[in-house]
>>> print(open('structure-v8.txt').read())   # compact mmCIF, N, CA and C atoms and all ligand atoms
# COMPACT_ATOMS: atom_id res chain seq x y z
N MET A 1 4.51 -13.45 10.53
CA MET A 1 3.07 -13.24 10.59
C MET A 1 2.65 -12.18 9.58
N GLN A 2 3.50 -11.16 9.41
CA GLN A 2 3.20 -10.11 8.42
C GLN A 2 3.20 -10.68 6.99
N ALA A 3 4.15 -11.55 6.72
CA ALA A 3 4.24 -12.15 5.38
C ALA A 3 3.00 -12.99 5.10
N ALA A 4 2.53 -13.72 6.11
CA ALA A 4 1.34 -14.55 5.94
C ALA A 4 0.12 -13.66 5.68
N LEU A 5 0.02 -12.58 6.42
CA LEU A 5 -1.10 -11.66 6.23
C LEU A 5 -1.05 -11.05 4.82
N ALA A 6 0.16 -10.70 4.37
CA ALA A 6 0.31 -10.12 3.03
C ALA A 6 -0.14 -11.11 1.95
N THR A 7 0.12 -12.40 2.16
CA THR A 7 -0.31 -13.42 1.20
C THR A 7 -1.83 -13.41 1.06
N TRP A 8 -2.54 -13.36 2.18
CA TRP A 8 -4.01 -13.34 2.12
C TRP A 8 -4.53 -12.00 1.60
N GLN A 9 -3.78 -10.93 1.92
CA GLN A 9 -4.17 -9.59 1.45
C GLN A 9 -4.17 -9.51 -0.07
N ALA A 10 -3.33 -10.31 -0.71
CA ALA A 10 -3.30 -10.32 -2.17
C ALA A 10 -4.56 -10.97 -2.74
N GLU A 11 -5.28 -11.74 -1.92
CA GLU A 11 -6.46 -12.48 -2.39
C GLU A 11 -7.77 -11.88 -1.91
N LEU A 12 -7.74 -11.15 -0.80
CA LEU A 12 -8.96 -10.69 -0.14
C LEU A 12 -8.86 -9.21 0.20
N PRO A 13 -10.01 -8.51 0.24
CA PRO A 13 -9.99 -7.10 0.62
C PRO A 13 -9.88 -6.93 2.13
N ILE A 14 -8.72 -7.14 2.67
CA ILE A 14 -8.49 -7.04 4.11
C ILE A 14 -8.13 -5.59 4.45
N GLN A 15 -8.81 -5.09 5.47
CA GLN A 15 -8.58 -3.70 5.84
C GLN A 15 -8.12 -3.63 7.29
N ALA A 16 -7.04 -2.93 7.55
CA ALA A 16 -6.56 -2.76 8.92
C ALA A 16 -7.44 -1.73 9.64
N VAL A 17 -7.70 -1.95 10.93
CA VAL A 17 -8.49 -0.99 11.72
C VAL A 17 -7.63 -0.46 12.86
N ALA A 18 -8.11 0.62 13.48
CA ALA A 18 -7.28 1.34 14.44
C ALA A 18 -7.08 0.57 15.75
N THR A 19 -8.12 -0.12 16.21
CA THR A 19 -8.00 -0.79 17.52
C THR A 19 -8.44 -2.25 17.40
N PRO A 20 -7.88 -3.12 18.25
CA PRO A 20 -8.22 -4.56 18.17
C PRO A 20 -9.71 -4.84 18.33
N ASP A 21 -10.43 -4.05 19.13
CA ASP A 21 -11.84 -4.37 19.35
C ASP A 21 -12.69 -4.10 18.11
N GLN A 22 -12.19 -3.35 17.14
CA GLN A 22 -12.91 -3.12 15.89
C GLN A 22 -12.69 -4.25 14.88
N ALA A 23 -11.69 -5.05 15.13
CA ALA A 23 -11.28 -6.04 14.12
C ALA A 23 -12.14 -7.29 14.15
N GLN A 24 -12.37 -7.88 13.00
CA GLN A 24 -13.06 -9.17 12.91
C GLN A 24 -12.06 -10.32 13.00
N VAL A 25 -10.83 -10.05 12.62
CA VAL A 25 -9.77 -11.05 12.74
C VAL A 25 -8.61 -10.40 13.50
N ARG A 26 -8.20 -11.04 14.57
CA ARG A 26 -7.09 -10.52 15.37
C ARG A 26 -6.00 -11.58 15.45
N LEU A 27 -4.77 -11.14 15.24
CA LEU A 27 -3.63 -12.05 15.19
C LEU A 27 -2.79 -11.82 16.45
N TRP A 28 -2.61 -12.88 17.24
CA TRP A 28 -1.89 -12.76 18.51
C TRP A 28 -0.66 -13.66 18.50
N ARG A 29 0.44 -13.13 19.01
CA ARG A 29 1.65 -13.94 19.21
C ARG A 29 1.52 -14.55 20.62
N ARG A 30 0.88 -15.70 20.69
CA ARG A 30 0.54 -16.27 22.00
C ARG A 30 0.36 -17.78 21.85
N LYS A 31 0.84 -18.52 22.83
CA LYS A 31 0.71 -19.98 22.79
C LYS A 31 -0.76 -20.37 22.93
N PRO A 32 -1.30 -21.18 22.00
CA PRO A 32 -2.69 -21.59 22.14
C PRO A 32 -2.88 -22.48 23.37
N PRO A 33 -4.04 -22.43 24.00
CA PRO A 33 -4.28 -23.32 25.14
C PRO A 33 -4.27 -24.77 24.69
N LEU A 34 -3.93 -25.67 25.61
CA LEU A 34 -3.99 -27.10 25.30
C LEU A 34 -5.42 -27.47 24.95
N GLU A 35 -5.57 -28.43 24.06
CA GLU A 35 -6.93 -28.92 23.76
C GLU A 35 -6.94 -30.43 23.86
N SER A 36 -8.11 -30.98 24.10
CA SER A 36 -8.16 -32.44 24.23
C SER A 36 -8.09 -33.08 22.85
N GLY A 37 -7.27 -34.09 22.73
CA GLY A 37 -7.10 -34.81 21.47
C GLY A 37 -8.26 -35.76 21.25
N PRO A 38 -8.33 -36.37 20.05
CA PRO A 38 -9.44 -37.28 19.74
C PRO A 38 -9.48 -38.48 20.68
N ASP A 39 -8.31 -38.88 21.22
CA ASP A 39 -8.28 -40.06 22.09
C ASP A 39 -8.11 -39.69 23.56
N GLY A 40 -8.41 -38.47 23.92
CA GLY A 40 -8.45 -38.14 25.34
C GLY A 40 -7.43 -37.15 25.85
N PRO A 41 -6.11 -37.50 25.82
CA PRO A 41 -5.14 -36.64 26.51
C PRO A 41 -5.04 -35.23 25.90
N MET A 42 -4.65 -34.27 26.74
CA MET A 42 -4.51 -32.89 26.28
C MET A 42 -3.28 -32.80 25.38
N ARG A 43 -3.36 -31.95 24.35
CA ARG A 43 -2.21 -31.78 23.46
C ARG A 43 -2.01 -30.31 23.11
N ALA A 44 -0.77 -29.98 22.78
CA ALA A 44 -0.42 -28.61 22.42
C ALA A 44 -0.47 -28.45 20.91
N SER A 45 -0.65 -27.22 20.42
CA SER A 45 -0.54 -26.97 18.99
C SER A 45 0.17 -25.64 18.78
N HIS A 46 0.66 -25.44 17.55
CA HIS A 46 1.43 -24.22 17.26
C HIS A 46 0.54 -23.04 16.93
N GLY A 47 -0.70 -23.33 16.56
CA GLY A 47 -1.59 -22.23 16.20
C GLY A 47 -3.03 -22.65 16.38
N ARG A 48 -3.89 -21.67 16.53
CA ARG A 48 -5.31 -21.95 16.70
C ARG A 48 -6.10 -20.74 16.23
N ALA A 49 -7.25 -21.00 15.62
CA ALA A 49 -8.18 -19.92 15.26
C ALA A 49 -9.45 -20.14 16.07
N LEU A 50 -9.81 -19.16 16.89
CA LEU A 50 -10.97 -19.28 17.78
C LEU A 50 -12.07 -18.35 17.29
N LEU A 51 -13.21 -18.94 16.94
CA LEU A 51 -14.33 -18.17 16.38
C LEU A 51 -15.36 -17.85 17.45
N GLU A 52 -15.80 -16.59 17.46
CA GLU A 52 -16.90 -16.17 18.32
C GLU A 52 -17.86 -15.34 17.49
N LEU A 53 -19.12 -15.40 17.83
CA LEU A 53 -20.08 -14.47 17.20
C LEU A 53 -20.37 -13.37 18.20
N ARG A 54 -20.43 -12.15 17.75
CA ARG A 54 -20.74 -11.05 18.67
C ARG A 54 -21.73 -10.11 18.01
N GLN A 55 -22.46 -9.41 18.88
CA GLN A 55 -23.44 -8.43 18.42
C GLN A 55 -22.73 -7.09 18.27
N VAL A 56 -22.82 -6.50 17.09
CA VAL A 56 -22.22 -5.18 16.89
C VAL A 56 -23.23 -4.27 16.22
N GLN A 57 -23.06 -2.98 16.43
CA GLN A 57 -23.95 -2.01 15.82
C GLN A 57 -23.25 -1.40 14.61
N ARG A 58 -23.86 -1.54 13.44
CA ARG A 58 -23.32 -0.96 12.20
C ARG A 58 -24.41 -0.09 11.59
N LEU A 59 -24.10 1.18 11.40
CA LEU A 59 -25.06 2.13 10.82
C LEU A 59 -26.42 2.05 11.53
N GLY A 60 -26.37 1.98 12.86
CA GLY A 60 -27.60 1.99 13.66
C GLY A 60 -28.31 0.65 13.76
N GLN A 61 -27.82 -0.36 13.07
CA GLN A 61 -28.45 -1.69 13.09
C GLN A 61 -27.58 -2.68 13.88
N TRP A 62 -28.23 -3.44 14.77
CA TRP A 62 -27.50 -4.50 15.48
C TRP A 62 -27.43 -5.72 14.59
N GLN A 63 -26.28 -6.32 14.53
CA GLN A 63 -26.13 -7.54 13.75
C GLN A 63 -25.07 -8.45 14.36
N LEU A 64 -25.15 -9.73 14.01
CA LEU A 64 -24.15 -10.69 14.46
C LEU A 64 -22.98 -10.69 13.49
N GLU A 65 -21.80 -10.63 14.04
CA GLU A 65 -20.60 -10.70 13.20
C GLU A 65 -19.61 -11.67 13.81
N PRO A 66 -18.84 -12.33 12.95
CA PRO A 66 -17.80 -13.20 13.49
C PRO A 66 -16.61 -12.40 13.99
N GLN A 67 -15.99 -12.88 15.04
CA GLN A 67 -14.69 -12.34 15.43
C GLN A 67 -13.78 -13.56 15.68
N VAL A 68 -12.65 -13.56 15.01
CA VAL A 68 -11.74 -14.69 15.12
C VAL A 68 -10.43 -14.24 15.73
N ASP A 69 -10.04 -14.91 16.80
CA ASP A 69 -8.72 -14.68 17.40
C ASP A 69 -7.79 -15.78 16.92
N VAL A 70 -6.74 -15.37 16.24
CA VAL A 70 -5.74 -16.32 15.74
C VAL A 70 -4.54 -16.26 16.69
N LEU A 71 -4.26 -17.40 17.31
CA LEU A 71 -3.14 -17.48 18.25
C LEU A 71 -1.99 -18.23 17.59
N ILE A 72 -0.83 -17.60 17.55
CA ILE A 72 0.35 -18.23 16.94
C ILE A 72 1.43 -18.36 18.01
N SER A 73 1.85 -19.58 18.25
CA SER A 73 2.87 -19.83 19.26
C SER A 73 4.20 -19.23 18.83
N PRO A 74 4.82 -18.39 19.69
CA PRO A 74 6.06 -17.72 19.29
C PRO A 74 7.28 -18.65 19.27
N GLY A 75 7.23 -19.78 19.93
CA GLY A 75 8.41 -20.64 20.04
C GLY A 75 8.65 -21.54 18.84
N GLN A 76 8.64 -21.01 17.63
CA GLN A 76 8.86 -21.81 16.43
C GLN A 76 9.88 -21.10 15.54
N ARG A 77 10.42 -21.84 14.57
CA ARG A 77 11.30 -21.22 13.58
C ARG A 77 10.49 -20.21 12.77
N PRO A 78 11.16 -19.14 12.26
CA PRO A 78 10.42 -18.11 11.50
C PRO A 78 9.56 -18.68 10.36
N GLU A 79 10.11 -19.64 9.60
CA GLU A 79 9.32 -20.23 8.50
C GLU A 79 8.10 -20.97 9.02
N ALA A 80 8.26 -21.63 10.16
CA ALA A 80 7.13 -22.37 10.74
C ALA A 80 6.07 -21.39 11.24
N ILE A 81 6.51 -20.26 11.79
CA ILE A 81 5.55 -19.24 12.24
C ILE A 81 4.76 -18.71 11.05
N GLN A 82 5.48 -18.48 9.92
CA GLN A 82 4.80 -17.99 8.70
C GLN A 82 3.79 -19.03 8.20
N ALA A 83 4.20 -20.29 8.14
CA ALA A 83 3.31 -21.35 7.64
C ALA A 83 2.10 -21.53 8.57
N THR A 84 2.35 -21.50 9.88
CA THR A 84 1.24 -21.64 10.85
C THR A 84 0.28 -20.47 10.73
N SER A 85 0.84 -19.26 10.59
CA SER A 85 0.00 -18.06 10.46
C SER A 85 -0.84 -18.14 9.19
N LEU A 86 -0.23 -18.57 8.10
CA LEU A 86 -0.94 -18.68 6.83
C LEU A 86 -2.12 -19.64 6.97
N HIS A 87 -1.89 -20.78 7.60
CA HIS A 87 -2.92 -21.80 7.80
C HIS A 87 -4.04 -21.29 8.71
N GLU A 88 -3.67 -20.73 9.86
CA GLU A 88 -4.69 -20.30 10.83
C GLU A 88 -5.48 -19.10 10.29
N LEU A 89 -4.80 -18.21 9.55
CA LEU A 89 -5.53 -17.09 8.93
C LEU A 89 -6.50 -17.61 7.88
N GLY A 90 -6.14 -18.70 7.20
CA GLY A 90 -7.07 -19.33 6.26
C GLY A 90 -8.37 -19.72 6.97
N HIS A 91 -8.23 -20.31 8.16
CA HIS A 91 -9.43 -20.63 8.95
C HIS A 91 -10.20 -19.35 9.26
N ALA A 92 -9.47 -18.32 9.69
CA ALA A 92 -10.12 -17.06 10.08
C ALA A 92 -10.89 -16.44 8.92
N PHE A 93 -10.38 -16.60 7.70
CA PHE A 93 -11.05 -15.99 6.54
C PHE A 93 -12.09 -16.91 5.93
N GLY A 94 -12.41 -18.00 6.60
CA GLY A 94 -13.56 -18.79 6.20
C GLY A 94 -13.25 -20.21 5.74
N LEU A 95 -11.99 -20.55 5.59
CA LEU A 95 -11.65 -21.91 5.16
C LEU A 95 -11.52 -22.79 6.41
N TRP A 96 -12.67 -23.22 6.92
CA TRP A 96 -12.65 -23.93 8.21
C TRP A 96 -12.29 -25.39 8.05
N GLY A 97 -12.35 -25.91 6.85
CA GLY A 97 -12.00 -27.31 6.64
C GLY A 97 -10.51 -27.50 6.38
N HIS A 98 -10.11 -28.75 6.21
CA HIS A 98 -8.72 -29.09 5.94
C HIS A 98 -8.59 -29.83 4.63
N SER A 99 -7.41 -29.72 4.02
CA SER A 99 -7.09 -30.44 2.80
C SER A 99 -6.32 -31.72 3.16
N ASP A 100 -6.45 -32.76 2.33
CA ASP A 100 -5.67 -33.97 2.57
C ASP A 100 -4.37 -33.96 1.75
N GLN A 101 -4.07 -32.84 1.09
CA GLN A 101 -2.86 -32.72 0.26
C GLN A 101 -1.80 -31.92 1.01
N SER A 102 -0.62 -32.50 1.19
CA SER A 102 0.39 -31.88 2.05
C SER A 102 0.95 -30.57 1.48
N GLY A 103 0.81 -30.31 0.17
CA GLY A 103 1.32 -29.06 -0.40
C GLY A 103 0.38 -27.88 -0.25
N ASP A 104 -0.78 -28.11 0.33
CA ASP A 104 -1.75 -27.03 0.51
C ASP A 104 -1.54 -26.33 1.84
N VAL A 105 -1.77 -25.01 1.83
CA VAL A 105 -1.72 -24.24 3.08
C VAL A 105 -2.70 -24.83 4.10
N MET A 106 -3.86 -25.29 3.60
CA MET A 106 -4.89 -25.78 4.50
C MET A 106 -4.77 -27.29 4.74
N ALA A 107 -3.58 -27.86 4.53
CA ALA A 107 -3.36 -29.29 4.82
C ALA A 107 -3.62 -29.56 6.29
N VAL A 108 -4.07 -30.79 6.56
CA VAL A 108 -4.53 -31.12 7.91
C VAL A 108 -3.41 -31.06 8.94
N SER A 109 -2.18 -31.39 8.56
CA SER A 109 -1.08 -31.30 9.53
C SER A 109 0.14 -30.70 8.85
N PRO A 110 0.96 -29.99 9.64
CA PRO A 110 2.14 -29.35 9.05
C PRO A 110 3.14 -30.38 8.56
N THR A 111 3.85 -30.04 7.49
CA THR A 111 4.85 -30.95 6.92
C THR A 111 6.25 -30.46 7.30
N ALA A 112 7.25 -31.29 7.05
CA ALA A 112 8.63 -30.92 7.38
C ALA A 112 9.03 -29.65 6.65
N LYS A 113 8.58 -29.51 5.39
CA LYS A 113 8.87 -28.31 4.63
C LYS A 113 7.66 -27.39 4.73
N PRO A 114 7.80 -26.25 5.43
CA PRO A 114 6.63 -25.37 5.64
C PRO A 114 6.05 -24.87 4.31
N VAL A 115 4.73 -24.83 4.23
CA VAL A 115 4.04 -24.32 3.04
C VAL A 115 3.86 -22.81 3.23
N LEU A 116 4.53 -22.02 2.36
CA LEU A 116 4.57 -20.57 2.56
C LEU A 116 3.77 -19.80 1.51
N SER A 117 3.13 -20.50 0.58
CA SER A 117 2.29 -19.80 -0.39
C SER A 117 1.07 -20.65 -0.70
N LEU A 118 0.02 -19.99 -1.16
CA LEU A 118 -1.23 -20.67 -1.46
C LEU A 118 -1.05 -21.57 -2.68
N SER A 119 -1.60 -22.75 -2.62
CA SER A 119 -1.57 -23.66 -3.76
C SER A 119 -2.76 -23.32 -4.67
N PRO A 120 -2.74 -23.81 -5.92
CA PRO A 120 -3.92 -23.60 -6.78
C PRO A 120 -5.19 -24.15 -6.12
N ARG A 121 -5.07 -25.24 -5.35
CA ARG A 121 -6.25 -25.81 -4.66
C ARG A 121 -6.74 -24.87 -3.56
N ASP A 122 -5.80 -24.27 -2.79
CA ASP A 122 -6.21 -23.29 -1.77
C ASP A 122 -6.97 -22.14 -2.42
N ARG A 123 -6.41 -21.63 -3.54
CA ARG A 123 -7.05 -20.50 -4.24
C ARG A 123 -8.43 -20.88 -4.77
N ALA A 124 -8.54 -22.09 -5.32
CA ALA A 124 -9.82 -22.54 -5.87
C ALA A 124 -10.87 -22.63 -4.75
N THR A 125 -10.46 -23.13 -3.58
CA THR A 125 -11.39 -23.23 -2.46
C THR A 125 -11.83 -21.85 -2.00
N LEU A 126 -10.88 -20.91 -1.95
CA LEU A 126 -11.21 -19.54 -1.55
C LEU A 126 -12.17 -18.90 -2.55
N ARG A 127 -11.92 -19.11 -3.85
CA ARG A 127 -12.82 -18.54 -4.87
C ARG A 127 -14.22 -19.14 -4.75
N TRP A 128 -14.28 -20.44 -4.47
CA TRP A 128 -15.59 -21.09 -4.28
C TRP A 128 -16.31 -20.46 -3.09
N LEU A 129 -15.56 -20.25 -2.00
CA LEU A 129 -16.15 -19.65 -0.79
C LEU A 129 -16.70 -18.25 -1.08
N LEU A 130 -15.93 -17.47 -1.83
CA LEU A 130 -16.33 -16.08 -2.11
C LEU A 130 -17.57 -16.01 -3.00
N ARG A 131 -17.86 -17.09 -3.73
CA ARG A 131 -19.05 -17.10 -4.59
C ARG A 131 -20.32 -17.50 -3.85
N GLN A 132 -20.20 -17.92 -2.57
CA GLN A 132 -21.39 -18.40 -1.86
C GLN A 132 -22.34 -17.24 -1.57
N PRO A 133 -23.66 -17.48 -1.77
CA PRO A 133 -24.62 -16.42 -1.49
C PRO A 133 -24.70 -16.13 0.01
N GLY A 134 -25.04 -14.89 0.34
CA GLY A 134 -25.21 -14.52 1.74
C GLY A 134 -23.91 -14.24 2.45
N LEU A 135 -22.83 -14.16 1.69
CA LEU A 135 -21.52 -13.89 2.29
C LEU A 135 -21.51 -12.48 2.88
N SER A 136 -20.90 -12.35 4.04
CA SER A 136 -20.80 -11.04 4.69
C SER A 136 -20.17 -10.03 3.72
N PRO A 137 -20.73 -8.83 3.63
CA PRO A 137 -20.14 -7.82 2.74
C PRO A 137 -18.70 -7.49 3.13
N VAL A 138 -18.33 -7.77 4.37
CA VAL A 138 -16.95 -7.49 4.79
C VAL A 138 -15.98 -8.36 4.01
N LEU A 139 -16.39 -9.61 3.74
CA LEU A 139 -15.50 -10.52 3.04
C LEU A 139 -15.78 -10.57 1.53
N ALA A 140 -16.87 -9.98 1.11
CA ALA A 140 -17.23 -10.07 -0.30
C ALA A 140 -16.19 -9.36 -1.16
N PRO A 141 -15.81 -9.96 -2.26
CA PRO A 141 -14.81 -9.32 -3.11
C PRO A 141 -15.38 -8.03 -3.72
N ALA A 142 -14.49 -7.11 -4.05
CA ALA A 142 -14.92 -5.79 -4.51
C ALA A 142 -15.28 -5.76 -5.99
N TYR A 143 -15.25 -6.90 -6.68
CA TYR A 143 -15.58 -6.90 -8.11
C TYR A 143 -16.96 -7.47 -8.34
ZN ZN B 201 -6.24 -26.17 10.74
>>> encode(input="structure-v8.txt", output="structure tokens")
Amino acid sequence: MQAALATWQAELPIQAVATPDQAQVRLWRRKPPLESGPDGPMRASHGRALLELRQVQRLGQWQLEPQVDVLISPGQRPEAIQATSLHELGHAFGLWGHSDQSGDVMAVSPTAKPVLSLSPRDRATLRWLLRQPGLSPVLAPAY
């Protein structure tokens, strides 16, 4: 999970905070709850990013901010945990969609060989996201 976070840290100005309640993105080693599949039955997954909006006070002003809880199931091989963390953190940092290319971190389903680094396509999508107007200053690049 640390390696996955370090990968995103190389791309984004991520700052660690003292307590979990201050964080906009929280990473948990916890099995995600079952969710209903497209055809009905409940199914398990190795990771999940859960988005909530919350009201917080910043410099005396109340504002809505996202808070994302990333749940990573501990019962996986270390490489699979890293790949799952990388993918779910991608969702947490704003890449909510999926890629149809299996070599991308944001591919729709995990492959036999875990994807442990961002592809040029993942990076291009992130750069596109960072250029969008109205982006939260928390995620805005420092340049
Ligand atoms: Zn996903």
>>> select_by_dssp(input="structure-v8.txt", residues="region 7-121 of chain A", states="strand (DSSP E)", output="count of residues only")
33
>>> closest_residue(input="structure-v8.txt", among="A:Pro114, A:Trp28, A:Phe93, A:His46", to="Gln76 (chain A)", atoms="all atoms listed in the file")
A:His46
>>> closest_residue(input="structure-v8.txt", among="A:Gly60, A:Gly47, A:Gly75, A:Pro133", to="ligand ZN 201 (chain B)", atoms="only N, CA and C atoms and all ligand atoms")
A:Gly47
>>> residues_near_ligand(input="structure-v8.txt", ligand="ligand ZN 201 (chain B)", cutoff="7 Å", atoms="only N, CA and C atoms and all ligand atoms", output="list in words")
His87, Glu88, His91, Trp96, Gly97, His98, Met106, Ala107, Val108 and Ser109 of chain A
>>> closest_residue(input="structure-v8.txt", among="A:Leu59, A:Ile81, A:Ala18, A:Val68", to="Gln2 (chain A)", atoms="only N, CA and C atoms")
A:Ile81
>>> select_by_dssp(input="structure-v8.txt", residues="region 5-113 of chain A", states="helix (DSSP H, G or I)", output="list in words")
Leu5, Ala6, Thr7, Trp8, Gln9, Pro20, Asp21, Gln22, Pro78, Glu79, Ala80, Ile81, Gln82, Ala83, Thr84, Ser85, Leu86, His87, Glu88, Leu89, Gly90, His91 and Ala92 of chain A
>>> closest_residue(input="structure-v8.txt", among="A:Leu86, A:Ala80, A:Ser73, A:Ala10", to="Ser117 (chain A)", atoms="only C-alpha atoms")
A:Leu86
>>> closest_residue(input="structure-v8.txt", among="A:Val56, A:Met42, A:Leu126, A:Leu51", to="Gln22 (chain A)", atoms="only C-alpha atoms")
A:Val56
>>> residues_around(input="structure-v8.txt", residues="Ser45 (chain A)", least_positions_apart="6", cutoff="10 Å", atoms="only C-alpha atoms", output="ChimeraX atom specification")
/A:31-35,71-73,84
>>> atom_distance(input="structure-v8.txt", atom1="CA of Thr7 (chain A)", atom2="atom C of Ala112 (chain A)")
19.5 Å
>>> atom_distance(input="structure-v8.txt", atom1="atom N of Ala4 (chain A)", atom2="atom C of Pro120 (chain A)")
17.8 Å
>>> atom_distance(input="structure-v8.txt", atom1="atom N of Thr111 (chain A)", atom2="atom C of Arg123 (chain A)")
19.6 Å
>>> closest_residue(input="structure-v8.txt", among="A:Glu52, A:Leu118, A:Val105, A:Gln132", to="Leu64 (chain A)", atoms="all atoms listed in the file")
A:Glu52
>>> residues_around(input="structure-v8.txt", residues="Arg121 (chain A)", least_positions_apart="4", cutoff="9 Å", atoms="only C-alpha atoms", output="ChimeraX atom specification")
/A:99,104,125-126
>>> residues_around(input="structure-v8.txt", residues="Val70 (chain A)", least_positions_apart="3", cutoff="7 Å", atoms="all atoms listed in the file", output="count of residues only")
12
>>> build_atoms(input="structure-v8.txt", residues="region 109-126 of chain A", atoms="N, CA, C and O atoms", output="mmCIF file, in the frame of the given file")
data_model
loop_
_atom_site.group_PDB
_atom_site.id
_atom_site.type_symbol
_atom_site.label_atom_id
_atom_site.label_comp_id
_atom_site.auth_asym_id
_atom_site.auth_seq_id
_atom_site.Cartn_x
_atom_site.Cartn_y
_atom_site.Cartn_z
ATOM 1 N N SER A 109 -2.180 -31.390 8.560
ATOM 2 C CA SER A 109 -1.080 -31.300 9.530
ATOM 3 C C SER A 109 0.140 -30.700 8.850
ATOM 4 O O SER A 109 0.350 -30.873 7.650
ATOM 5 N N PRO A 110 0.960 -29.990 9.640
ATOM 6 C CA PRO A 110 2.140 -29.350 9.050
ATOM 7 C C PRO A 110 3.140 -30.380 8.560
ATOM 8 O O PRO A 110 3.254 -31.465 9.118
ATOM 9 N N THR A 111 3.850 -30.040 7.490
ATOM 10 C CA THR A 111 4.850 -30.950 6.920
ATOM 11 C C THR A 111 6.250 -30.460 7.300
ATOM 12 O O THR A 111 6.401 -29.352 7.819
ATOM 13 N N ALA A 112 7.250 -31.290 7.050
ATOM 14 C CA ALA A 112 8.630 -30.920 7.380
ATOM 15 C C ALA A 112 9.030 -29.650 6.650
ATOM 16 O O ALA A 112 9.723 -28.794 7.195
ATOM 17 N N LYS A 113 8.580 -29.510 5.390
ATOM 18 C CA LYS A 113 8.870 -28.310 4.630
ATOM 19 C C LYS A 113 7.660 -27.390 4.730
ATOM 20 O O LYS A 113 6.591 -27.713 4.214
ATOM 21 N N PRO A 114 7.800 -26.250 5.430
ATOM 22 C CA PRO A 114 6.630 -25.370 5.640
ATOM 23 C C PRO A 114 6.050 -24.870 4.310
ATOM 24 O O PRO A 114 6.797 -24.560 3.380
ATOM 25 N N VAL A 115 4.730 -24.830 4.230
ATOM 26 C CA VAL A 115 4.040 -24.320 3.040
ATOM 27 C C VAL A 115 3.860 -22.810 3.230
ATOM 28 O O VAL A 115 3.160 -22.382 4.136
ATOM 29 N N LEU A 116 4.530 -22.020 2.360
ATOM 30 C CA LEU A 116 4.570 -20.570 2.560
ATOM 31 C C LEU A 116 3.770 -19.800 1.510
ATOM 32 O O LEU A 116 3.764 -18.567 1.522
ATOM 33 N N SER A 117 3.130 -20.500 0.580
ATOM 34 C CA SER A 117 2.290 -19.800 -0.390
ATOM 35 C C SER A 117 1.070 -20.650 -0.700
ATOM 36 O O SER A 117 1.092 -21.874 -0.526
ATOM 37 N N LEU A 118 0.020 -19.990 -1.160
ATOM 38 C CA LEU A 118 -1.230 -20.670 -1.460
ATOM 39 C C LEU A 118 -1.050 -21.570 -2.680
ATOM 40 O O LEU A 118 -0.427 -21.161 -3.659
ATOM 41 N N SER A 119 -1.600 -22.750 -2.620
ATOM 42 C CA SER A 119 -1.570 -23.660 -3.760
ATOM 43 C C SER A 119 -2.760 -23.320 -4.670
ATOM 44 O O SER A 119 -3.702 -22.635 -4.234
ATOM 45 N N PRO A 120 -2.740 -23.810 -5.920
ATOM 46 C CA PRO A 120 -3.920 -23.600 -6.780
ATOM 47 C C PRO A 120 -5.190 -24.150 -6.120
ATOM 48 O O PRO A 120 -6.270 -23.583 -6.263
ATOM 49 N N ARG A 121 -5.070 -25.240 -5.350
ATOM 50 C CA ARG A 121 -6.250 -25.810 -4.660
ATOM 51 C C ARG A 121 -6.740 -24.870 -3.560
ATOM 52 O O ARG A 121 -7.945 -24.695 -3.382
ATOM 53 N N ASP A 122 -5.800 -24.270 -2.790
ATOM 54 C CA ASP A 122 -6.210 -23.290 -1.770
ATOM 55 C C ASP A 122 -6.970 -22.140 -2.420
ATOM 56 O O ASP A 122 -8.011 -21.703 -1.935
ATOM 57 N N ARG A 123 -6.410 -21.630 -3.540
ATOM 58 C CA ARG A 123 -7.050 -20.500 -4.240
ATOM 59 C C ARG A 123 -8.430 -20.880 -4.770
ATOM 60 O O ARG A 123 -9.371 -20.100 -4.672
ATOM 61 N N ALA A 124 -8.540 -22.090 -5.320
ATOM 62 C CA ALA A 124 -9.820 -22.540 -5.870
ATOM 63 C C ALA A 124 -10.870 -22.630 -4.750
ATOM 64 O O ALA A 124 -12.026 -22.251 -4.931
ATOM 65 N N THR A 125 -10.460 -23.130 -3.580
ATOM 66 C CA THR A 125 -11.390 -23.230 -2.460
ATOM 67 C C THR A 125 -11.830 -21.850 -2.000
ATOM 68 O O THR A 125 -13.006 -21.603 -1.727
ATOM 69 N N LEU A 126 -10.880 -20.910 -1.950
ATOM 70 C CA LEU A 126 -11.210 -19.540 -1.550
ATOM 71 C C LEU A 126 -12.170 -18.900 -2.550
ATOM 72 O O LEU A 126 -13.161 -18.271 -2.164
#
